[in-house]
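Engineer: Here it is, the structure in full.
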Amino acid sequence: MDIVDVWAQQPTDRFMAAPWLDTLLRWTGISRETPTVAQNLAAMDEAGVSLALLAGWHGPTGSLISNDEVAAVVAAHPDRFRGVATVDLGDPMGAVREIRRCVTELGFVGVRVVPWLWNLPPNDRRYYPVYVACVELGVPFCTQIGHTGPLCPSEPGRPIPYLDEVLLDFPELTVIGGHVGYPWIHEVLSLATKYPNFYVDTSAYVLHRLPAELVDFLRGRGRDRVMFGTNWPMLSASRALARIDELGLDEQARQLFLGGNARRVFRLAAD
């Protein structure tokens with residue numbers, strides 16, 4: 001079965017040295033040693049992952065994983081990876097130009113901004129040029145929803161009112177909320193019911209620990225709105241998928257969740 005991982009990173013030494021990783025490293029038990037591309041590919045192969053979307057990271061202190069570093073990994077393994085752009089919210093016009101470059105020149109398939117990294121909710125004015133660029137270029141905007149693993153404020157990841165306002169202001173914008181959205185799962189599902197252009201991914205969660213409400217949504221009316229993700233290297237695909245049978249998905253729901261929805265929404269050509 002085709003499996004697409006919609007939330008992954010190929011870390012740099014800068015990323016792995018970030019002090020806010022302390023909590024995640026404690027939770028996951030992994031070290032600060034920077035994982036290699038070979039390790040990433042081996043983990044994908046172990047779980048049967050066909051394709052992973054690798055994102056850049058840029059925060060208030062500067063670049064942690066640059067778009068060009070992502071592009072180099074994608075260029076070396078074009079059959080296994082696609083790029084998701086990062087931007088500097090402190091430079092709105094620079095962000096717009098960078099999105100255009102990444103999509104039109106580098107072939108990136110989306111843009112991701114992590115609100116807790118900036119301590120700015122997604123309805124902040126600094127995001128709005130980014131949304132315009134995403135709509136114009138036809139790529140999804142990916143973001144984090146829910147509480148934070150790092151010891152940073154979780155409030156920017158609360159879906160309502162922040163993402164609710166964004167989705168009202170930009171009805172043509174496709175938004176993918178990563179990391180499930182706990183503890184505001186009912187807010188997440190209300191947005192997924194209200195807006196046909198809002199999706200959820202399960203990154204950072206092993207599947208048997210997903211909230212029951214999200215599993216019910218995934219089994220039924222939300223089968224075309226939820227995507228699989230890992231948050232590699234914090235979580236491997238094999239660990240995340242180990243107990244997928246416990247979700248009780250029928251064949252269609254399983255296929256859409258693991259790869260079909262991602263292929264459609266990110267416009268990824270089938271292998």
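Just so we're on the same page: first chain in the structure tokens is A, next is B, and so on; residues restart at 1 for each chain, and ligands are numbered from 1 in the order they show up.
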Please return, as a ChimeraX atom specification, all residues of stretch 29-251 of chain A that DSSP assigns to alpha helix (DSSP H) on the basis of the backbone.

Structural biologist: /A:37-47,67-76,92-104,115-118,128-137,164-169,185-194,212-219,237-241,251

Engineer: With C-alpha atoms retained, could you export that selection as an mmCIF file, in the first residue's frame?

Structural biologist:
```cif
data_model
loop_
_atom_site.group_PDB
_atom_site.id
_atom_site.type_symbol
_atom_site.label_atom_id
_atom_site.label_comp_id
_atom_site.auth_asym_id
_atom_site.auth_seq_id
_atom_site.Cartn_x
_atom_site.Cartn_y
_atom_site.Cartn_z
ATOM 1 C CA VAL A 37 19.682 10.718 5.115
ATOM 2 C CA ALA A 38 20.570 7.025 4.957
ATOM 3 C CA GLN A 39 18.974 6.503 8.377
ATOM 4 C CA ASN A 40 15.877 8.373 7.226
ATOM 5 C CA LEU A 41 15.576 6.209 4.109
ATOM 6 C CA ALA A 42 16.140 3.016 6.102
ATOM 7 C CA ALA A 43 13.353 3.981 8.513
ATOM 8 C CA MET A 44 11.046 4.683 5.578
ATOM 9 C CA ASP A 45 11.900 1.359 3.961
ATOM 10 C CA GLU A 46 11.289 -0.532 7.194
ATOM 11 C CA ALA A 47 7.702 0.745 7.289
ATOM 12 C CA ASN A 67 15.142 25.451 1.984
ATOM 13 C CA ASP A 68 18.294 24.904 -0.038
ATOM 14 C CA GLU A 69 19.402 22.165 2.369
ATOM 15 C CA VAL A 70 16.013 20.491 1.906
ATOM 16 C CA ALA A 71 16.274 20.909 -1.872
ATOM 17 C CA ALA A 72 19.666 19.198 -1.912
ATOM 18 C CA VAL A 73 18.272 16.107 -0.168
ATOM 19 C CA VAL A 74 15.272 16.030 -2.500
ATOM 20 C CA ALA A 75 17.504 16.385 -5.554
ATOM 21 C CA ALA A 76 19.624 13.445 -4.395
ATOM 22 C CA PRO A 92 7.017 39.330 4.721
ATOM 23 C CA MET A 93 8.085 40.288 1.198
ATOM 24 C CA GLY A 94 11.153 38.096 1.455
ATOM 25 C CA ALA A 95 8.859 35.266 2.521
ATOM 26 C CA VAL A 96 6.660 35.735 -0.547
ATOM 27 C CA ARG A 97 9.662 35.752 -2.868
ATOM 28 C CA GLU A 98 11.077 32.650 -1.171
ATOM 29 C CA ILE A 99 7.806 30.753 -1.536
ATOM 30 C CA ARG A 100 7.717 31.614 -5.226
ATOM 31 C CA ARG A 101 11.319 30.452 -5.644
ATOM 32 C CA CYS A 102 10.765 27.221 -3.767
ATOM 33 C CA VAL A 103 7.609 26.288 -5.653
ATOM 34 C CA THR A 104 8.496 27.455 -9.158
ATOM 35 C CA PRO A 115 3.397 28.878 15.423
ATOM 36 C CA TRP A 116 5.016 28.022 18.763
ATOM 37 C CA LEU A 117 8.477 28.621 17.276
ATOM 38 C CA TRP A 118 7.485 32.238 16.638
ATOM 39 C CA TYR A 128 -1.091 36.927 5.662
ATOM 40 C CA PRO A 129 1.350 37.543 2.772
ATOM 41 C CA VAL A 130 2.342 33.879 3.122
ATOM 42 C CA TYR A 131 -1.278 32.816 2.690
ATOM 43 C CA VAL A 132 -1.675 34.967 -0.412
ATOM 44 C CA ALA A 133 1.431 33.384 -1.938
ATOM 45 C CA CYS A 134 0.162 29.867 -1.146
ATOM 46 C CA VAL A 135 -3.194 30.571 -2.797
ATOM 47 C CA GLU A 136 -1.597 32.135 -5.862
ATOM 48 C CA LEU A 137 0.802 29.212 -6.298
ATOM 49 C CA ASP A 164 -10.967 29.776 12.285
ATOM 50 C CA GLU A 165 -10.283 33.414 11.367
ATOM 51 C CA VAL A 166 -7.663 32.440 8.789
ATOM 52 C CA LEU A 167 -10.005 29.984 7.080
ATOM 53 C CA LEU A 168 -12.738 32.617 6.972
ATOM 54 C CA ASP A 169 -10.386 35.209 5.496
ATOM 55 C CA ILE A 185 -9.655 17.959 19.480
ATOM 56 C CA HIS A 186 -13.293 19.091 19.400
ATOM 57 C CA GLU A 187 -12.217 22.451 18.027
ATOM 58 C CA VAL A 188 -10.175 20.633 15.372
ATOM 59 C CA LEU A 189 -13.100 18.495 14.295
ATOM 60 C CA SER A 190 -15.448 21.463 14.268
ATOM 61 C CA LEU A 191 -13.121 23.236 11.824
ATOM 62 C CA ALA A 192 -12.843 20.096 9.692
ATOM 63 C CA THR A 193 -16.636 19.988 9.566
ATOM 64 C CA LYS A 194 -17.034 23.699 8.840
ATOM 65 C CA ALA A 212 -11.006 8.455 20.011
ATOM 66 C CA GLU A 213 -12.947 11.321 18.447
ATOM 67 C CA LEU A 214 -10.367 11.655 15.663
ATOM 68 C CA VAL A 215 -10.378 7.904 15.033
ATOM 69 C CA ASP A 216 -14.180 7.970 14.666
ATOM 70 C CA PHE A 217 -13.852 10.872 12.225
ATOM 71 C CA LEU A 218 -11.166 9.000 10.281
ATOM 72 C CA ARG A 219 -13.291 5.868 10.043
ATOM 73 C CA ALA A 237 7.003 5.338 10.697
ATOM 74 C CA SER A 238 7.318 1.735 11.898
ATOM 75 C CA ARG A 239 6.654 2.791 15.472
ATOM 76 C CA ALA A 240 3.778 5.068 14.493
ATOM 77 C CA LEU A 241 2.114 2.396 12.359
ATOM 78 C CA GLU A 251 -9.768 -0.613 3.029
#
```

Engineer: Report as number ranges by chain all protein, DNA and RNA residues lying within 10 Å of A:Met234, evaluated on only C-alpha atoms, omitting residues in the same chain fewer than 5 positions from it.

Structural biologist: A: 8-9, 21, 24-25, 27-31, 203-205

Engineer: Between atom CA of A:Val180 and atom CA of A:Arg14, what is the distance in Å, rounded to a tenth?

Structural biologist: 26.4 Å

Engineer: Please provide the set of residues having any atom within 9 Å of stretch 139-148 of chain A, restricted to only C-alpha atoms, with same-chain residues fewer than 3 positions apart removed, written as JSON, numbers by chain.

Structural biologist: {"A": [84, 103, 108, 109, 110, 111, 112, 113, 114, 115, 116, 122, 130, 131, 133, 134, 135, 136, 151, 152, 153, 154, 155, 156, 157, 158, 159, 173, 174, 175, 176, 177, 178, 179, 180, 181, 182, 183, 184, 185, 188, 200, 265, 266, 267]}

Engineer: Got a sec to tell me which of stretch 104-186 of chain A DSSP assigns to strand (DSSP E or B), as a PyMOL selection string?

Structural biologist: chain A and resi 110-113+141-144+175-178

Engineer: Of the candidates A:Val206, A:Asn261, A:Asn231, A:Phe198, which one gets nearest to A:Arg243 if we count only C-alpha atoms?

Structural biologist: A:Val206

Engineer: Enter the distance from atom CA of A:Gly248 to atom CA of A:Leu268, in Å, rounded to one decimal.

Structural biologist: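 Going from atom CA of A:Gly248 over to atom CA of A:Leu268 covers 26.7 Å.
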
Engineer: So how far away is atom CA of A:Thr34 from atom CA of A:Pro11, in Å?

Structural biologist: 6.4 Å

Engineer: For A:Arg263, which residue out of A:Asp224, A:Glu246, A:Leu207, A:Gly62 is the nearest one, using only C-alpha atoms?

Structural biologist: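 Distance minimum relative to A:Arg263 lands on A:Asp224.
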